[in-house]
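Here is protein-v4.csv, consisting of CSV, C-alpha atoms and all ligand atoms:
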```csv
chain,number,residue,atom,x,y,z
L,1,MET,CA,17.2,19.7,24.9
L,2,ARG,CA,14.6,21.8,26.5
L,3,ILE,CA,11.9,23.2,24.2
L,4,ARG,CA,8.5,24.9,24.4
L,5,ALA,CA,5.6,22.9,23.1
L,6,ALA,CA,1.8,23.2,23.2
L,7,VAL,CA,0.7,20.2,25.1
L,8,SER,CA,-2.8,18.7,24.7
L,9,ARG,CA,-4.2,17.4,28.0
L,10,THR,CA,-7.7,16.2,28.7
L,11,GLY,CA,-10.3,18.8,29.6
L,12,GLN,CA,-8.5,21.9,28.2
L,13,ILE,CA,-10.1,24.2,25.7
L,14,HIS,CA,-6.9,24.4,23.7
L,15,PRO,CA,-3.3,23.1,24.0
L,16,THR,CA,-1.2,25.1,26.4
L,17,ILE,CA,2.5,26.0,26.1
L,18,GLU,CA,4.8,24.2,28.5
L,19,GLU,CA,8.5,23.3,28.7
L,20,VAL,CA,9.3,19.7,27.6
L,21,ASP,CA,12.4,17.7,26.8
L,22,LEU,CA,13.3,16.6,23.3
L,23,GLU,CA,15.7,13.8,22.4
L,24,GLU,CA,18.4,14.2,19.8
L,25,PRO,CA,17.6,12.7,16.3
L,26,ARG,CA,18.1,9.0,15.7
L,27,ALA,CA,19.9,7.7,12.6
L,28,ASP,CA,17.2,8.3,10.1
L,29,GLU,CA,15.8,11.5,11.7
L,30,VAL,CA,16.4,15.2,11.7
L,31,ARG,CA,15.8,17.9,14.3
L,32,VAL,CA,14.1,21.0,13.0
L,33,ARG,CA,13.7,24.4,14.5
L,34,VAL,CA,10.1,25.1,13.7
L,35,VAL,CA,9.5,28.6,12.2
L,36,ALA,CA,5.8,28.2,11.8
L,37,SER,CA,3.0,25.6,11.9
L,38,GLY,CA,-0.5,25.7,10.5
L,39,ILE,CA,-3.4,24.5,12.5
L,40,CYS,CA,-5.6,22.0,10.8
L,41,HIS,CA,-9.1,20.8,11.7
L,42,THR,CA,-7.6,17.4,12.4
L,43,ASP,CA,-5.7,19.1,15.3
L,44,LEU,CA,-8.9,20.6,16.6
L,45,PHE,CA,-10.8,17.3,16.4
L,46,CYS,CA,-8.0,15.3,18.0
L,47,HIS,CA,-7.6,17.8,20.9
L,48,ALA,CA,-11.3,17.7,21.5
L,49,GLY,CA,-11.4,13.9,21.5
L,50,LEU,CA,-13.7,13.9,18.5
L,51,GLY,CA,-11.2,12.5,15.9
L,52,MET,CA,-9.1,9.4,15.8
L,53,PRO,CA,-8.4,8.3,19.4
L,54,ILE,CA,-5.1,9.6,20.6
L,55,PRO,CA,-3.0,9.1,23.8
L,56,ARG,CA,-2.4,12.0,26.1
L,57,PRO,CA,-0.6,14.1,27.0
L,58,ILE,CA,0.4,14.7,23.4
L,59,VAL,CA,1.9,17.5,21.3
L,60,LEU,CA,-0.3,17.9,18.2
L,61,GLY,CA,0.5,20.0,15.0
L,62,HIS,CA,1.2,18.6,11.5
L,63,GLU,CA,1.8,21.5,9.2
L,64,GLY,CA,5.3,22.5,10.3
L,65,ALA,CA,8.0,24.3,8.4
L,66,GLY,CA,11.5,25.1,9.7
L,67,VAL,CA,15.2,24.9,9.6
L,68,VAL,CA,17.2,21.7,10.0
L,69,GLU,CA,19.6,22.0,13.0
L,70,ALA,CA,20.8,18.5,13.5
L,71,VAL,CA,20.8,15.3,11.4
L,72,GLY,CA,21.1,11.6,12.4
L,73,SER,CA,24.1,9.5,11.4
L,74,GLY,CA,22.2,7.9,8.5
L,75,VAL,CA,20.7,11.0,6.9
L,76,ARG,CA,22.1,11.7,3.4
L,77,ASP,CA,19.7,14.1,1.7
L,78,LEU,CA,19.5,16.8,4.4
L,79,ALA,CA,22.0,18.9,6.3
L,80,ALA,CA,22.0,21.5,9.0
L,81,GLY,CA,20.8,24.8,7.7
L,82,ASP,CA,18.4,23.3,5.1
L,83,HIS,CA,14.9,24.7,5.0
L,84,VAL,CA,12.2,22.0,5.1
L,85,VAL,CA,8.4,21.6,5.0
L,86,LEU,CA,7.3,18.6,7.1
L,87,SER,CA,4.7,16.2,5.6
L,88,GLY,CA,2.8,13.2,6.8
L,89,ALA,CA,3.9,9.9,8.3
L,90,SER,CA,4.7,6.8,6.3
L,91,CYS,CA,6.8,3.7,6.9
L,92,GLY,CA,8.9,3.7,3.7
L,93,HIS,CA,8.9,-0.1,3.4
L,94,CYS,CA,5.4,-1.2,2.4
L,95,PRO,CA,4.1,-1.7,-1.2
L,96,LYS,CA,2.3,1.7,-1.2
L,97,CYS,CA,5.4,3.5,0.0
L,98,HIS,CA,7.5,1.8,-2.6
L,99,ALA,CA,5.0,2.7,-5.3
L,100,GLY,CA,5.2,6.4,-4.3
L,101,ARG,CA,1.8,6.4,-2.6
L,102,PRO,CA,2.9,7.2,1.0
L,103,THR,CA,-0.5,8.6,2.0
L,104,TYR,CA,-1.9,5.1,1.6
L,105,CYS,CA,1.0,3.5,3.6
L,106,ARG,CA,-0.3,0.5,5.6
L,107,ASP,CA,1.0,2.0,8.8
L,108,ALA,CA,0.0,5.6,8.1
L,109,MET,CA,-2.9,5.7,10.7
L,110,LYS,CA,-0.7,4.2,13.4
L,111,LEU,CA,2.2,6.5,12.7
L,112,SER,CA,0.0,9.6,12.4
L,113,PHE,CA,-2.2,9.2,15.4
L,114,GLY,CA,-0.3,6.7,17.7
L,115,GLY,CA,1.7,9.5,19.4
L,116,MET,CA,4.9,7.5,19.0
L,117,ARG,CA,7.5,6.2,16.5
L,118,GLY,CA,6.9,2.8,14.9
L,119,ASP,CA,8.9,1.2,17.7
L,120,GLY,CA,6.7,2.7,20.4
L,121,SER,CA,9.1,5.4,21.6
L,122,SER,CA,8.4,9.1,21.8
L,123,PRO,CA,11.1,11.8,21.5
L,124,LEU,CA,9.3,14.0,24.0
L,125,SER,CA,9.2,13.8,27.8
L,126,GLN,CA,8.6,16.1,30.8
L,127,HIS,CA,10.3,15.5,34.2
L,128,GLY,CA,11.1,12.0,33.0
L,129,GLU,CA,7.5,11.2,32.2
L,130,ARG,CA,6.5,10.4,28.7
L,131,VAL,CA,4.8,13.0,26.5
L,132,HIS,CA,3.4,11.6,23.3
L,133,GLY,CA,4.8,13.1,20.1
L,134,MET,CA,5.4,12.2,16.4
L,135,PHE,CA,1.9,13.3,15.6
L,136,PHE,CA,1.9,12.8,11.8
L,137,ALA,CA,5.6,12.3,12.3
L,138,GLN,CA,5.9,16.0,13.4
L,139,SER,CA,4.1,17.3,16.6
L,140,SER,CA,4.9,20.7,15.2
L,141,PHE,CA,3.2,22.9,17.9
L,142,ALA,CA,6.7,23.2,19.3
L,143,THR,CA,9.8,25.3,18.9
L,144,GLN,CA,11.8,22.2,17.9
L,145,VAL,CA,10.7,18.8,16.5
L,146,ILE,CA,12.2,15.4,15.6
L,147,ALA,CA,11.0,14.2,12.2
L,148,PRO,CA,12.0,11.3,9.9
L,149,GLU,CA,14.2,12.4,7.0
L,150,ARG,CA,11.7,10.8,4.6
L,151,SER,CA,8.9,13.2,5.6
L,152,ALA,CA,11.0,16.4,5.5
L,153,VAL,CA,10.8,18.1,2.1
L,154,LYS,CA,13.7,20.4,1.3
L,155,VAL,CA,12.7,23.8,-0.1
L,156,ALA,CA,14.7,26.8,-1.5
L,157,LYS,CA,16.0,29.3,1.0
L,158,ASP,CA,14.6,32.3,-0.8
L,159,LEU,CA,11.0,31.2,-0.1
L,160,PRO,CA,8.9,32.6,2.8
L,161,LEU,CA,9.3,29.6,5.0
L,162,HIS,CA,6.8,30.9,7.6
L,163,LEU,CA,4.0,30.5,5.0
L,164,LEU,CA,4.9,27.0,3.7
L,165,GLY,CA,3.8,24.7,6.6
L,166,PRO,CA,0.2,24.2,5.3
L,167,LEU,CA,1.6,22.8,2.1
L,168,GLY,CA,2.2,19.7,4.1
L,169,CYS,CA,-1.4,18.9,4.9
L,170,GLY,CA,-4.3,21.1,4.0
L,171,ILE,CA,-3.1,22.6,0.8
L,172,ILE,CA,-1.6,19.3,-0.6
L,173,THR,CA,-4.8,17.6,0.3
L,174,GLY,CA,-6.9,20.0,-1.8
L,175,ALA,CA,-4.6,20.4,-4.8
L,176,GLY,CA,-3.5,16.8,-4.8
L,177,SER,CA,-7.1,15.6,-4.9
L,178,VAL,CA,-7.7,17.5,-8.1
L,179,LEU,CA,-4.4,16.9,-9.8
L,180,GLU,CA,-3.3,13.5,-8.5
L,181,ALA,CA,-6.5,11.7,-7.3
L,182,PHE,CA,-8.9,13.0,-10.0
L,183,ARG,CA,-6.4,13.8,-12.6
L,184,LEU,CA,-8.9,16.4,-13.8
L,185,ARG,CA,-8.5,17.2,-17.5
L,186,PRO,CA,-9.1,20.4,-19.4
L,187,GLY,CA,-12.8,20.9,-20.1
L,188,GLU,CA,-14.0,18.8,-17.1
L,189,SER,CA,-16.0,20.4,-14.4
L,190,ILE,CA,-15.9,20.3,-10.6
L,191,VAL,CA,-18.0,21.4,-7.6
L,192,VAL,CA,-16.1,22.0,-4.4
L,193,PHE,CA,-18.1,21.8,-1.2
L,194,GLY,CA,-16.5,23.8,1.6
L,195,ALA,CA,-14.3,26.8,0.8
L,196,GLY,CA,-11.8,26.3,3.6
L,197,SER,CA,-8.1,25.8,3.0
L,198,VAL,CA,-8.6,22.3,1.5
L,199,GLY,CA,-11.4,23.4,-0.8
L,200,LEU,CA,-9.8,26.6,-1.9
L,201,ALA,CA,-6.6,24.7,-2.7
L,202,ALA,CA,-8.8,22.5,-4.9
L,203,VAL,CA,-10.3,25.5,-6.6
L,204,MET,CA,-6.8,26.9,-7.4
L,205,ALA,CA,-5.7,23.5,-8.7
L,206,ALA,CA,-8.8,23.1,-10.8
L,207,ARG,CA,-8.0,26.4,-12.5
L,208,ILE,CA,-4.4,25.3,-13.2
L,209,ALA,CA,-5.8,22.0,-14.7
L,210,GLY,CA,-8.1,23.9,-17.1
L,211,ALA,CA,-11.5,23.0,-15.6
L,212,SER,CA,-14.4,24.4,-17.6
L,213,ARG,CA,-16.4,25.1,-14.5
L,214,ILE,CA,-15.3,25.4,-10.9
L,215,VAL,CA,-18.2,25.9,-8.5
L,216,ALA,CA,-17.5,26.6,-4.9
L,217,VAL,CA,-20.2,26.0,-2.3
L,218,ASP,CA,-20.0,27.4,1.3
L,219,ILE,CA,-22.1,29.0,4.0
L,220,SER,CA,-19.8,32.0,4.3
L,221,GLU,CA,-20.1,34.9,1.8
L,222,ALA,CA,-16.5,36.0,2.6
L,223,ARG,CA,-15.2,32.6,1.7
L,224,LEU,CA,-17.3,32.5,-1.5
L,225,ARG,CA,-15.7,35.9,-2.5
L,226,LEU,CA,-12.2,34.5,-1.9
L,227,ALA,CA,-13.2,31.4,-4.0
L,228,ARG,CA,-14.1,33.6,-6.9
L,229,GLU,CA,-10.9,35.5,-6.5
L,230,LEU,CA,-8.9,32.2,-6.6
L,231,GLY,CA,-10.6,30.8,-9.7
L,232,ALA,CA,-14.1,29.7,-9.0
L,233,THR,CA,-16.4,30.4,-12.0
L,234,GLU,CA,-19.4,30.3,-9.7
L,235,ALA,CA,-19.7,30.6,-6.0
L,236,ILE,CA,-23.0,29.7,-4.4
L,237,ALA,CA,-24.5,29.5,-0.9
L,238,SER,CA,-24.8,26.2,0.9
L,239,ASP,CA,-28.5,26.0,1.8
L,240,GLU,CA,-31.7,24.4,0.7
L,241,THR,CA,-31.3,26.1,-2.8
L,242,THR,CA,-27.9,24.6,-3.5
L,243,ALA,CA,-29.1,21.5,-5.5
L,244,ASN,CA,-31.3,23.6,-7.8
L,245,ALA,CA,-28.5,26.2,-8.3
L,246,LEU,CA,-26.1,23.4,-9.3
L,247,ARG,CA,-28.7,22.0,-11.7
L,248,GLU,CA,-29.1,25.4,-13.3
L,249,ILE,CA,-25.4,25.8,-13.7
L,250,SER,CA,-24.9,22.4,-15.3
L,251,PRO,CA,-28.2,20.4,-16.1
L,252,ASP,CA,-26.2,17.3,-17.0
L,253,GLY,CA,-24.2,17.3,-13.8
L,254,PHE,CA,-20.5,17.7,-13.1
L,255,THR,CA,-17.5,15.5,-13.8
L,256,PHE,CA,-16.2,15.7,-10.2
L,257,SER,CA,-17.4,16.8,-6.8
L,258,PHE,CA,-15.0,17.4,-3.9
L,259,ASN,CA,-16.5,17.3,-0.5
L,260,THR,CA,-14.4,18.8,2.3
L,261,THR,CA,-17.2,19.0,4.8
L,262,SER,CA,-18.5,16.4,7.2
L,263,ALA,CA,-22.2,17.1,6.8
L,264,ALA,CA,-24.1,14.0,5.9
L,265,GLU,CA,-26.5,15.9,3.6
L,266,VAL,CA,-23.5,17.2,1.6
L,267,PHE,CA,-22.3,13.7,1.0
L,268,THR,CA,-25.6,13.0,-0.7
L,269,LEU,CA,-25.7,16.2,-2.6
L,270,ALA,CA,-22.0,15.7,-3.7
L,271,ALA,CA,-23.1,12.4,-5.4
L,272,GLU,CA,-26.4,13.6,-6.8
L,273,CYS,CA,-24.8,16.6,-8.6
L,274,LEU,CA,-22.5,14.3,-10.7
L,275,ALA,CA,-22.8,13.7,-14.4
L,276,THR,CA,-22.9,10.0,-15.5
L,277,GLU,CA,-19.5,8.4,-14.7
L,278,GLY,CA,-18.7,11.3,-12.4
L,279,THR,CA,-16.6,10.9,-9.3
L,280,ALA,CA,-17.4,12.2,-5.8
L,281,GLY,CA,-14.2,12.6,-3.8
L,282,PHE,CA,-14.3,13.2,0.0
L,283,VAL,CA,-11.6,13.8,2.6
L,284,THR,CA,-13.5,13.5,5.9
L,285,ARG,CA,-16.2,11.2,7.2
L,286,PRO,CA,-19.9,12.1,7.5
L,287,ARG,CA,-20.9,13.4,10.9
L,288,GLY,CA,-23.6,11.2,12.3
L,289,ALA,CA,-25.4,8.5,10.3
L,290,TRP,CA,-25.3,8.6,6.5
L,291,ALA,CA,-27.3,5.8,5.1
L,292,PRO,CA,-28.3,6.6,1.5
L,293,ASN,CA,-29.5,4.1,-1.1
L,294,MET,CA,-26.0,3.7,-2.4
L,295,ALA,CA,-26.9,1.6,-5.4
L,296,ALA,CA,-29.4,4.3,-6.6
L,297,LEU,CA,-27.0,7.1,-5.7
L,298,LEU,CA,-24.1,5.6,-7.7
L,299,ALA,CA,-26.1,4.3,-10.6
L,300,SER,CA,-25.1,5.7,-14.0
L,301,GLY,CA,-21.4,4.8,-13.4
L,302,ARG,CA,-20.9,7.3,-10.6
L,303,ARG,CA,-18.1,6.6,-8.2
L,304,LEU,CA,-17.4,7.6,-4.6
L,305,GLN,CA,-13.7,8.0,-3.8
L,306,GLY,CA,-12.1,8.5,-0.4
L,307,ILE,CA,-8.9,10.5,-0.7
L,308,LEU,CA,-6.0,10.7,1.8
L,309,GLY,CA,-3.4,13.5,1.6
L,310,GLY,CA,-4.5,14.3,-1.9
L,311,SER,CA,-3.0,11.0,-3.0
L,312,ALA,CA,0.2,13.0,-3.6
L,313,ALA,CA,3.8,12.1,-2.8
L,314,PRO,CA,5.0,15.2,-0.8
L,315,LYS,CA,8.6,15.1,-2.0
L,316,VAL,CA,7.3,15.5,-5.6
L,317,PHE,CA,4.1,17.5,-5.1
L,318,ILE,CA,5.3,20.2,-2.6
L,319,PRO,CA,8.0,21.4,-5.0
L,320,LEU,CA,5.4,21.4,-7.8
L,321,MET,CA,3.0,23.6,-5.8
L,322,ILE,CA,5.9,26.0,-5.0
L,323,ASP,CA,6.6,26.2,-8.7
L,324,TYR,CA,3.0,27.1,-9.4
L,325,TRP,CA,3.2,29.7,-6.5
L,326,ARG,CA,6.3,31.3,-8.0
L,327,GLN,CA,4.4,31.6,-11.3
L,328,GLY,CA,1.6,33.4,-9.6
L,329,ARG,CA,-0.9,30.6,-10.3
L,330,PHE,CA,-1.2,29.2,-6.8
L,331,PRO,CA,-1.5,32.1,-4.3
L,332,PHE,CA,-2.0,30.0,-1.2
L,333,GLU,CA,-0.7,32.8,1.0
L,334,LYS,CA,-4.1,34.4,0.6
L,335,LEU,CA,-5.5,31.7,2.9
L,336,VAL,CA,-3.0,32.3,5.7
L,337,HIS,CA,-3.6,34.3,8.9
L,338,GLU,CA,-0.6,34.5,11.3
L,339,PHE,CA,-0.7,34.3,15.1
L,340,PRO,CA,2.3,34.4,17.5
L,341,PHE,CA,2.8,31.0,19.1
L,342,ALA,CA,1.9,32.5,22.5
L,343,GLU,CA,-1.5,33.3,21.1
L,344,ILE,CA,-2.4,29.7,20.3
L,345,GLY,CA,-5.6,30.1,22.3
L,346,GLN,CA,-6.8,32.9,20.0
L,347,ALA,CA,-5.7,30.9,16.9
L,348,TRP,CA,-7.6,27.9,18.2
L,349,GLU,CA,-10.7,29.9,18.7
L,350,ALA,CA,-10.4,31.6,15.3
L,351,CYS,CA,-10.0,28.2,13.6
L,352,THR,CA,-12.9,26.6,15.5
L,353,GLN,CA,-15.2,29.6,14.6
L,354,GLY,CA,-14.0,29.6,11.0
L,355,ALA,CA,-13.0,33.3,11.4
L,356,VAL,CA,-9.8,32.6,9.5
L,357,VAL,CA,-9.2,30.1,6.7
L,358,LYS,CA,-5.8,28.9,7.7
L,359,PRO,CA,-4.3,30.0,11.0
L,360,VAL,CA,-0.5,29.7,11.2
L,361,LEU,CA,1.4,29.9,14.4
L,362,ARG,CA,4.8,31.8,14.3
L,363,MET,CA,7.2,30.2,16.6
Q,401,ZN,ZN,-4.3,18.2,8.5
Q,402,ZN,ZN,4.4,2.4,4.1
```

Using the file provided, produce a representation of the structure as structure tokens.
Amino acid sequence: MRIRAAVSRTGQIHPTIEEVDLEEPRADEVRVRVVASGICHTDLFCHAGLGMPIPRPIVLGHEGAGVVEAVGSGVRDLAAGDHVVLSGASCGHCPKCHAGRPTYCRDAMKLSFGGMRGDGSSPLSQHGERVHGMFFAQSSFATQVIAPERSAVKVAKDLPLHLLGPLGCGIITGAGSVLEAFRLRPGESIVVFGAGSVGLAAVMAARIAGASRIVAVDISEARLRLARELGATEAIASDETTANALREISPDGFTFSFNTTSAAEVFTLAAECLATEGTAGFVTRPRGAWAPNMAALLASGRRLQGILGGSAAPKVFIPLMIDYWRQGRFPFEKLVHEFPFAEIGQAWEACTQGAVVKPVLRM
């Protein structure tokens, strides 16, 4: 079928909307009419050629939510008309997938960034020429997508579907890191570096978990205000005074730090602010060289933990976040700023400049 999709080509400032052709779903896939899709920094980096290498032309987007319109012959758990949130890519057959740890799937990187299915095919084309798709098993900057059944999470029809896409990447990454990767317990403390969608989801999750102290660190006063509103007990500026401010708040250090930034100096600070046996979690890589004296930095039983997708299984954790949202304990909608699909350029600019926390494109 003919669809509209935002195609990333080399040398463009942002993806541009074009007509492309989409295959019908294979046996284990569904076709979803996309209602809305979040834009994540991974999309920005990949489009700009700064992230993982990707083939082009490609349709990016990996925070899609929509309505199932067609299902493959082998699909059992979904039917036409179901509302779904699309999550990340995993193979379903490796030990990590079998253990319910799909974000650590051995094929996750290839399936997320390869621009194709595991067998090398793409469901997208234009005038008979290949267009790469299946970005994070979605390519959701489009009016319709093909997605594997295993990555589509069914949600109730009374929910505001247009707000739910970011649950599949940014929000699950922040909340999952606190609740699944850290398993933060009541009375433990956390510093969150970067109050974007991932960091603010971590702040909300830390409040749910009963953290004694939740300190948000950011350069933006508006984001620090939002962090306080969402549960941060302290919100402090990210500058040369940060280390001292953290020491004043907790002289013995913090149980956890959660770094959502890619600034090398923040990676150092995130380890230095820990208590003995504290854990510094991170979700991106340091920009430029980071060469600390690791043995000195991690003495006193400190740990450094890389976290993918919040270490959370989407089919379990997305319904959990929705339960928390219904209870008023997880107001992630406060992060969302909507743009019509046609205004993807403005949304791209707003995301790049940090003018909005979580831009969402309405298809
Ligand atoms: Zn993402
Ligand atoms: Zn796997």

Stretch 307-314 of chain L surroundings by all atoms listed in the file, 9 Å radius, close-in-sequence under 5 positions cut, as a short mmCIF file (atom, residue, chain, number, x, y, z; two decimals) with C-alpha atoms, keeping the file's coordinate frame:
```
data_model
loop_
_atom_site.label_atom_id
_atom_site.label_comp_id
_atom_site.auth_asym_id
_atom_site.auth_seq_id
_atom_site.Cartn_x
_atom_site.Cartn_y
_atom_site.Cartn_z
CA LEU L 86 7.30 18.60 7.10
CA SER L 87 4.70 16.20 5.60
CA GLY L 88 2.80 13.20 6.80
CA GLY L 100 5.20 6.40 -4.30
CA ARG L 101 1.80 6.40 -2.60
CA PRO L 102 2.90 7.20 1.00
CA THR L 103 -0.50 8.60 2.00
CA TYR L 104 -1.90 5.10 1.60
CA SER L 151 8.90 13.20 5.60
CA ALA L 152 11.00 16.40 5.50
CA VAL L 153 10.80 18.10 2.10
CA LEU L 167 1.60 22.80 2.10
CA GLY L 168 2.20 19.70 4.10
CA CYS L 169 -1.40 18.90 4.90
CA GLY L 170 -4.30 21.10 4.00
CA ILE L 171 -3.10 22.60 0.80
CA ILE L 172 -1.60 19.30 -0.60
CA THR L 173 -4.80 17.60 0.30
CA GLY L 174 -6.90 20.00 -1.80
CA ALA L 175 -4.60 20.40 -4.80
CA GLY L 176 -3.50 16.80 -4.80
CA SER L 177 -7.10 15.60 -4.90
CA VAL L 178 -7.70 17.50 -8.10
CA LEU L 179 -4.40 16.90 -9.80
CA GLU L 180 -3.30 13.50 -8.50
CA ALA L 181 -6.50 11.70 -7.30
CA GLY L 281 -14.20 12.60 -3.80
CA PHE L 282 -14.30 13.20 0.00
CA VAL L 283 -11.60 13.80 2.60
CA THR L 284 -13.50 13.50 5.90
CA PRO L 319 8.00 21.40 -5.00
#
```

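Minimum atom-to-atom distances from L:Ile322, L:Leu60, L:Val32, L:Ile3 to ligand ZN 401 (chain Q) were compared using all atoms listed in the file, and the lowest value belongs to L:Leu60.
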
| request: Give as an MDAnalysis selection string each residue that has an atom at most 10 Å from (-25.6, 22.6, -6.5) in the file, counting only C-alpha atoms. | output: chainID L and resid 191:193 215:217 235:250 253:254 266 269:270 272:274

| Suppose you want the space between atom ZN of ligand ZN 401 (chain Q) and atom CA of L:Pro25; what is it in Å? |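 If I compute the distance from atom ZN of ligand ZN 401 (chain Q) to atom CA of L:Pro25, I get 23.9 Å.
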
| Residues within 10 Å of ligand ZN 402 (chain Q) (all atoms listed in the file), as a list in words? |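 Answer in the requested format: Ala89, Ser90, Cys91, Gly92, His93, Cys94, Pro95, Lys96, Cys97, His98, Ala99, Gly100, Arg101, Pro102, Thr103, Tyr104, Cys105, Arg106, Asp107, Ala108 and Leu111 of chain L.
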
| task | Please provide the set of residues having any atom within 9 Å of L:Thr279, restricted to all atoms listed in the file, with same-chain residues fewer than 4 positions apart removed, written as an NGL selection string. | result | :L and (182 or 254-258 or 271 or 274-275 or 301-305)

| Contact residues around L:Leu164 with only C-alpha atoms at 10 Å, ignoring same-chain residues under 3 positions, as JSON, numbers by chain | {"L": [35, 36, 37, 38, 63, 64, 65, 66, 84, 85, 86, 155, 159, 160, 161, 167, 168, 171, 318, 322, 332, 333, 336, 360]}

| query | Out of L:Val198, L:Ile54, L:Ala79, L:Val34, which residue has the shortest atom-to-atom distance to ligand ZN 401 (chain Q) when counting all atoms listed in the file? | reply | L:Val198
